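This report refers to the structure that appears directly beneath it.
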Amino acid sequence: MHLLPAHVKSDLLTSTEAASLASVTPTTIARWADEGLLPVVHTAKGFRRFEREAVERLLRLTMAAETRDGSETDAWMNSLLAGKPQELDLRLMLAHSRLATWCRVADELGAVLIELGRRWQDGELSIGDEHRASGILGRALARVGERIPVPQDGPRCLLACAGNDEHTLGLSLADLCLREHGHIPVWLGRRTPVQEVIRMVIAGQAELVAMSASIVSDDAAVLGQIADTIGSACKAHGVILILGGSGAWPDPPPHGLRVNSFSAFHDFLHHGDPGHPDPSTCRSPKM
C-alpha cells in the first residue's frame, strides 16, 4: 500500500474506472487488490485509487499468461531470466490466484528449478545466470512470505538443508507452505550441523523438522545417516521429521516422513497432527 502526498500528481483511477479499463467488474478489481495483485494508493482523504500503469501492467501479464503457446515452466523461466523482480512478484500472485494454494504454486516452481538446473548442466546457462535466476526467485519468495500472516503461537518448524547441501530454494517453497497452514518457519538454512538440529529438538524449540536435500545430495549412505540420527532425536522428543527434495533420502525413512511433492507436504500439514509423538499414526500422504 502507498500513501500519495497531496502535492503529487498521478494518473489515478477509481475502482469503477480501473474496472472499465480492464473490462472487469469493480468487485474483481477489489479482489485483485485484496490478493496483492494490484497495488493500492490511498489519497490524502483515505480513498482507494489505482495507478493506470499498474492496471495496464497486470493486464499485459494476465493476457500473456492466457495466450502464450509455451508451458508454465517456460513462462516462469522467461520471467526469471529477464531479471524483473516486479514482474516476478506479480506472476507469483497470479499463480496463487490460479492454483488456490501456495503448495500448488511450489510444485509448479519445483519443475522450474529442475529446468533451471537442466539448462545449466546442458550449457544453455552459465553458472552466473543460474545463480542470478535463483537469487531473484529466492528474494521474490521471501517478499511473498513476509506478506502471509502467521500466528505467534503456531507450531514451529525448523528448516534446514541436509549435510553440505547449499540449495535453499526448496526451503523457501516449504516456507510458503508452512505459513499458509499457520506454522512458524525457523530458518537454519544451508550446511546446518546435525548436532545443532538435535540441540534445538532436545530444547523443545520446534514441533517439526523439515530437511531438504537437492539432486546434488546423491550419497544415500550420508543421507541415511542424517535421517537416522536426527529422526531418532525427533522420535524421542515428540517432534515430526519431514524429508523432502530430490536427494537420495531413504524411502521410507527409519523415522519420520518422506514427501515427494509440495502437494503431499500440504496434505500432511492439513491432515497431520504436528504435536503427535508418533508420525506413523498421522495421515501422511500416499506416494
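By order of appearance in the C-alpha cells: chains A, B, ..., then residues from 1 within every chain, and ligands from 1 in the order shown.
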Identify, with DSSP run on backbone atoms, the residues in region 167-212 of chain A assigned to strand (DSSP E or B), and express the list as a ChimeraX atom specification. /A:184-189,208-212
If you run DSSP on this backbone, which residues of region 79-271 of chain A come out as alpha helix (DSSP H), and could you give them as a PyMOL selection string? chain A and resi 79-82+85-99+102-121+127-146+169-180+194-202+220-236+262-271
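The space separating CA of Gly245 (chain A) from CA of Ala213 (chain A) comes to 5.0 Å.
When CA of Ile184 (chain A) is paired with CA of Arg156 (chain A), their separation reads 4.6 Å.
Counting only C-alpha atoms, the residue from A:Arg179, A:Arg104, A:His167, A:His131 that sits nearest to Ser261 (chain A) is A:Arg104.
Between Val55 (chain A) and the residues A:Ala19, A:Ala162, A:Leu88, A:Leu109, the shortest atom-to-atom distance, using only C-alpha atoms, involves A:Ala19.
Nearest residue to Asp89 (chain A) among A:Gly256, A:Pro193, A:Gly123, A:Gly145 is A:Gly145, counting only C-alpha atoms.
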Compile the contact shell of Arg143 (chain A) as a PyMOL selection string: residues with an atom at most 12 Å away, counting only C-alpha atoms, same-chain residues fewer than 6 positions apart removed. chain A and resi 36+85-86+88-90+92-93+136-137+172+175-176
Write a file of the selected residues as a PDB file, in the first residue's frame, keeping N, CA and C atoms.
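That gives us again.pdb:
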```
ATOM      1  N   GLY A  36      -3.264  -8.792  -3.427  1.00  0.00           N
ATOM      2  CA  GLY A  36      -1.925  -8.251  -3.628  1.00  0.00           C
ATOM      3  C   GLY A  36      -1.503  -8.165  -5.078  1.00  0.00           C
ATOM      4  N   PRO A  85      12.156  -8.080 -11.014  1.00  0.00           N
ATOM      5  CA  PRO A  85      11.517  -8.506  -9.757  1.00  0.00           C
ATOM      6  C   PRO A  85      10.034  -8.175  -9.678  1.00  0.00           C
ATOM      7  N   GLN A  86       9.635  -6.983 -10.142  1.00  0.00           N
ATOM      8  CA  GLN A  86       8.228  -6.595 -10.038  1.00  0.00           C
ATOM      9  C   GLN A  86       7.349  -7.527 -10.855  1.00  0.00           C
ATOM     10  N   LEU A  88       8.061 -10.639 -11.597  1.00  0.00           N
ATOM     11  CA  LEU A  88       8.059 -11.949 -10.945  1.00  0.00           C
ATOM     12  C   LEU A  88       7.120 -11.960  -9.753  1.00  0.00           C
ATOM     13  N   ASP A  89       7.115 -10.885  -8.957  1.00  0.00           N
ATOM     14  CA  ASP A  89       6.183 -10.793  -7.829  1.00  0.00           C
ATOM     15  C   ASP A  89       4.746 -10.918  -8.319  1.00  0.00           C
ATOM     16  N   LEU A  90       4.440 -10.225  -9.406  1.00  0.00           N
ATOM     17  CA  LEU A  90       3.090 -10.255  -9.956  1.00  0.00           C
ATOM     18  C   LEU A  90       2.755 -11.652 -10.468  1.00  0.00           C
ATOM     19  N   LEU A  92       3.904 -14.449  -9.347  1.00  0.00           N
ATOM     20  CA  LEU A  92       3.672 -15.298  -8.180  1.00  0.00           C
ATOM     21  C   LEU A  92       2.244 -15.130  -7.656  1.00  0.00           C
ATOM     22  N   MET A  93       1.789 -13.894  -7.570  1.00  0.00           N
ATOM     23  CA  MET A  93       0.444 -13.647  -7.065  1.00  0.00           C
ATOM     24  C   MET A  93      -0.612 -14.175  -8.031  1.00  0.00           C
ATOM     25  N   ILE A 136      17.097 -14.213  -7.666  1.00  0.00           N
ATOM     26  CA  ILE A 136      15.894 -13.419  -7.944  1.00  0.00           C
ATOM     27  C   ILE A 136      14.652 -14.136  -7.424  1.00  0.00           C
ATOM     28  N   LEU A 137      14.570 -15.450  -7.680  1.00  0.00           N
ATOM     29  CA  LEU A 137      13.412 -16.211  -7.206  1.00  0.00           C
ATOM     30  C   LEU A 137      13.391 -16.282  -5.688  1.00  0.00           C
ATOM     31  N   SER A 172      12.681 -22.369   0.761  1.00  0.00           N
ATOM     32  CA  SER A 172      11.870 -21.164   0.552  1.00  0.00           C
ATOM     33  C   SER A 172      10.446 -21.531   0.144  1.00  0.00           C
ATOM     34  N   ASP A 175       8.698 -22.901   3.123  1.00  0.00           N
ATOM     35  CA  ASP A 175       8.365 -21.780   3.993  1.00  0.00           C
ATOM     36  C   ASP A 175       6.969 -21.248   3.669  1.00  0.00           C
ATOM     37  N   LEU A 176       6.665 -21.072   2.366  1.00  0.00           N
ATOM     38  CA  LEU A 176       5.340 -20.582   1.968  1.00  0.00           C
ATOM     39  C   LEU A 176       4.247 -21.565   2.382  1.00  0.00           C
TER      40      LEU A 176
END
```
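Of the listed residues (A:Glu51, A:Glu207, A:Glu72, A:Glu35), A:Glu207 comes nearest to Ile240 (chain A); the distances count only C-alpha atoms.
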Do a neighbour search on Ser15 (chain A) at 9 Å with only C-alpha atoms, toss out local chain neighbours closer than 4 positions, and write the hits as an NGL selection string. :A and (19-20 or 25-27 or 29-30 or 48-50)
Keeping N, CA and C atoms for every residue in the selection just given, could you write it to a file as a compact mmCIF listing (two decimals), in the first residue's frame?
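Listing of selection11.txt after writing:
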```txt
# COMPACT_ATOMS: atom_id res chain seq x y z
N ALA A 19 -11.90 -0.82 -13.37
CA ALA A 19 -12.68 -1.95 -13.88
C ALA A 19 -13.01 -1.75 -15.35
N SER A 20 -13.35 -0.51 -15.72
CA SER A 20 -13.66 -0.21 -17.12
C SER A 20 -12.44 -0.42 -18.01
N THR A 25 -15.34 -6.32 -13.52
CA THR A 25 -16.22 -5.63 -12.60
C THR A 25 -15.41 -4.97 -11.48
N PRO A 26 -15.97 -3.95 -10.82
CA PRO A 26 -15.29 -3.37 -9.65
C PRO A 26 -14.99 -4.40 -8.56
N THR A 27 -15.85 -5.43 -8.46
CA THR A 27 -15.60 -6.49 -7.48
C THR A 27 -14.30 -7.23 -7.79
N ILE A 29 -11.70 -5.94 -9.36
CA ILE A 29 -10.62 -5.01 -9.01
C ILE A 29 -10.34 -5.09 -7.50
N ALA A 30 -11.41 -5.11 -6.71
CA ALA A 30 -11.25 -5.21 -5.25
C ALA A 30 -10.57 -6.52 -4.86
N ARG A 48 -9.36 4.86 -1.86
CA ARG A 48 -8.52 3.91 -2.59
C ARG A 48 -8.50 4.26 -4.08
N ARG A 49 -7.29 4.29 -4.63
CA ARG A 49 -7.11 4.56 -6.04
C ARG A 49 -6.09 3.57 -6.62
N PHE A 50 -6.08 3.47 -7.94
CA PHE A 50 -5.20 2.52 -8.61
C PHE A 50 -4.47 3.22 -9.74
```
Report as a list in words all protein, DNA and RNA residues lying within 10 Å of region 56-61 of chain A, evaluated on only C-alpha atoms, omitting residues in the same chain fewer than 3 positions from it. Ala18, Leu21, Ala22, Ser23, Trp32, Leu37, Leu38, Glu51, Arg52, Glu53, Ala64, Ala65, Glu66, Glu87, Leu90, Arg91 and Leu94 of chain A
Selected residues, N, CA and C atoms, written as an mmCIF file, in the first residue's frame, please.
```cif
data_model
loop_
_atom_site.group_PDB
_atom_site.id
_atom_site.type_symbol
_atom_site.label_atom_id
_atom_site.label_comp_id
_atom_site.auth_asym_id
_atom_site.auth_seq_id
_atom_site.Cartn_x
_atom_site.Cartn_y
_atom_site.Cartn_z
ATOM 1 N N ALA A 18 -10.910 1.749 -13.051
ATOM 2 C CA ALA A 18 -9.966 0.652 -13.254
ATOM 3 C C ALA A 18 -10.680 -0.569 -13.831
ATOM 4 N N LEU A 21 -11.274 0.028 -17.536
ATOM 5 C CA LEU A 21 -10.037 -0.135 -18.301
ATOM 6 C C LEU A 21 -9.702 -1.608 -18.496
ATOM 7 N N ALA A 22 -9.938 -2.409 -17.463
ATOM 8 C CA ALA A 22 -9.580 -3.828 -17.511
ATOM 9 C C ALA A 22 -10.697 -4.710 -18.056
ATOM 10 N N SER A 23 -11.863 -4.123 -18.331
ATOM 11 C CA SER A 23 -13.029 -4.879 -18.814
ATOM 12 C C SER A 23 -13.445 -5.954 -17.816
ATOM 13 N N TRP A 32 -8.522 -8.336 -6.763
ATOM 14 C CA TRP A 32 -7.117 -8.242 -7.164
ATOM 15 C C TRP A 32 -6.314 -7.446 -6.137
ATOM 16 N N LEU A 37 -2.422 -8.472 -6.000
ATOM 17 C CA LEU A 37 -2.093 -8.410 -7.421
ATOM 18 C C LEU A 37 -2.030 -6.972 -7.928
ATOM 19 N N LEU A 38 -2.836 -6.124 -7.351
ATOM 20 C CA LEU A 38 -2.937 -4.741 -7.805
ATOM 21 C C LEU A 38 -2.630 -3.796 -6.652
ATOM 22 N N GLU A 51 -3.170 3.068 -9.788
ATOM 23 C CA GLU A 51 -2.381 3.692 -10.834
ATOM 24 C C GLU A 51 -2.683 3.022 -12.176
ATOM 25 N N ARG A 52 -2.921 3.864 -13.195
ATOM 26 C CA ARG A 52 -3.220 3.339 -14.524
ATOM 27 C C ARG A 52 -2.118 2.381 -14.994
ATOM 28 N N GLU A 53 -0.864 2.738 -14.766
ATOM 29 C CA GLU A 53 0.256 1.903 -15.199
ATOM 30 C C GLU A 53 0.212 0.527 -14.548
ATOM 31 N N ALA A 64 -0.776 -12.274 -21.367
ATOM 32 C CA ALA A 64 0.340 -13.112 -21.807
ATOM 33 C C ALA A 64 0.197 -14.522 -21.252
ATOM 34 N N ALA A 65 -0.254 -14.618 -20.013
ATOM 35 C CA ALA A 65 -0.431 -15.935 -19.389
ATOM 36 C C ALA A 65 -1.532 -16.730 -20.086
ATOM 37 N N GLU A 66 -2.552 -16.036 -20.598
ATOM 38 C CA GLU A 66 -3.686 -16.714 -21.220
ATOM 39 C C GLU A 66 -3.424 -17.104 -22.673
ATOM 40 N N GLU A 87 7.821 -7.907 -12.044
ATOM 41 C CA GLU A 87 7.060 -8.831 -12.878
ATOM 42 C C GLU A 87 6.967 -10.202 -12.225
ATOM 43 N N LEU A 90 4.440 -10.225 -9.406
ATOM 44 C CA LEU A 90 3.090 -10.255 -9.956
ATOM 45 C C LEU A 90 2.755 -11.652 -10.468
ATOM 46 N N ARG A 91 3.706 -12.314 -11.124
ATOM 47 C CA ARG A 91 3.467 -13.660 -11.616
ATOM 48 C C ARG A 91 3.199 -14.620 -10.458
ATOM 49 N N LEU A 94 -0.356 -14.039 -9.342
ATOM 50 C CA LEU A 94 -1.291 -14.594 -10.326
ATOM 51 C C LEU A 94 -1.345 -16.113 -10.226
#
```
May I ask for the distance between CA of Leu81 (chain A) and CA of Ala133 (chain A), given in Å to one decimal place? 6.0 Å
Name all residues at most 12 Å from Gly204 (chain A) (count only C-alpha atoms; drop same-chain ones fewer than 4 positions away) and give them as number ranges by chain. A: 155-158, 197-200, 208-209, 233-234, 236-239, 275
Selection to disk with C-alpha atoms, as a tab-separated table (two decimals), in the first residue's frame:
```tsv
chain	number	residue	atom	x	y	z
A	155	PRO	CA	3.66	-24.79	15.56
A	156	ARG	CA	7.35	-24.16	14.82
A	157	CYS	CA	9.19	-25.94	12.04
A	158	LEU	CA	12.97	-25.98	11.66
A	197	VAL	CA	19.34	-29.52	14.74
A	198	ILE	CA	19.34	-32.13	17.50
A	199	ARG	CA	20.17	-29.50	20.14
A	200	MET	CA	17.14	-27.43	19.12
A	208	LEU	CA	8.50	-30.22	13.23
A	209	VAL	CA	11.82	-30.50	11.41
A	233	ALA	CA	16.15	-37.48	18.34
A	234	CYS	CA	12.86	-36.28	16.88
A	236	ALA	CA	12.44	-39.37	21.38
A	237	HIS	CA	11.15	-35.80	21.87
A	238	GLY	CA	7.80	-35.95	20.07
A	239	VAL	CA	8.93	-33.98	17.04
A	275	GLY	CA	2.24	-32.24	18.08
```
Within 12 Å of Ala221 (chain A), counting only C-alpha atoms, which residues qualify if same-chain residues fewer than 2 places away don't, as a list in words? Gly163, Ser217, Asp218, Asp219, Leu223, Gly224, Gln225, Ile226, Ala227, Asp228, Gly247, Ala248, Trp249 and Pro250 of chain A
Selection above as a file: N, CA and C atoms, as a short mmCIF file (atom, residue, chain, number, x, y, z; two decimals), in the first residue's frame:
```
data_model
loop_
_atom_site.label_atom_id
_atom_site.label_comp_id
_atom_site.auth_asym_id
_atom_site.auth_seq_id
_atom_site.Cartn_x
_atom_site.Cartn_y
_atom_site.Cartn_z
N GLY A 163 23.28 -32.02 5.30
CA GLY A 163 24.72 -32.12 5.07
C GLY A 163 25.33 -30.85 4.51
N SER A 217 22.69 -33.91 -3.66
CA SER A 217 22.91 -34.78 -2.50
C SER A 217 22.56 -36.21 -2.89
N ASP A 218 23.50 -36.88 -3.53
CA ASP A 218 23.22 -38.20 -4.10
C ASP A 218 23.89 -39.35 -3.36
N ASP A 219 24.47 -39.07 -2.19
CA ASP A 219 25.10 -40.11 -1.38
C ASP A 219 24.05 -40.68 -0.42
N LEU A 223 22.94 -39.46 3.55
CA LEU A 223 21.58 -39.01 3.86
C LEU A 223 20.87 -39.99 4.79
N GLY A 224 21.15 -41.28 4.64
CA GLY A 224 20.55 -42.26 5.53
C GLY A 224 21.01 -42.06 6.96
N GLN A 225 22.29 -41.74 7.15
CA GLN A 225 22.81 -41.49 8.49
C GLN A 225 22.19 -40.24 9.10
N ILE A 226 22.05 -39.18 8.28
CA ILE A 226 21.43 -37.95 8.78
C ILE A 226 19.98 -38.21 9.18
N ALA A 227 19.25 -38.92 8.32
CA ALA A 227 17.85 -39.21 8.61
C ALA A 227 17.70 -40.04 9.87
N ASP A 228 18.60 -41.00 10.07
CA ASP A 228 18.53 -41.86 11.25
C ASP A 228 18.87 -41.10 12.52
N GLY A 247 16.98 -35.37 -3.32
CA GLY A 247 18.15 -36.11 -2.86
C GLY A 247 17.86 -37.56 -2.55
N ALA A 248 18.93 -38.31 -2.29
CA ALA A 248 18.82 -39.77 -2.10
C ALA A 248 18.44 -40.14 -0.68
N TRP A 249 17.30 -39.62 -0.19
CA TRP A 249 16.80 -39.97 1.13
C TRP A 249 16.35 -41.42 1.15
N PRO A 250 16.43 -42.09 2.29
CA PRO A 250 15.81 -43.42 2.40
C PRO A 250 14.29 -43.28 2.28
#
```
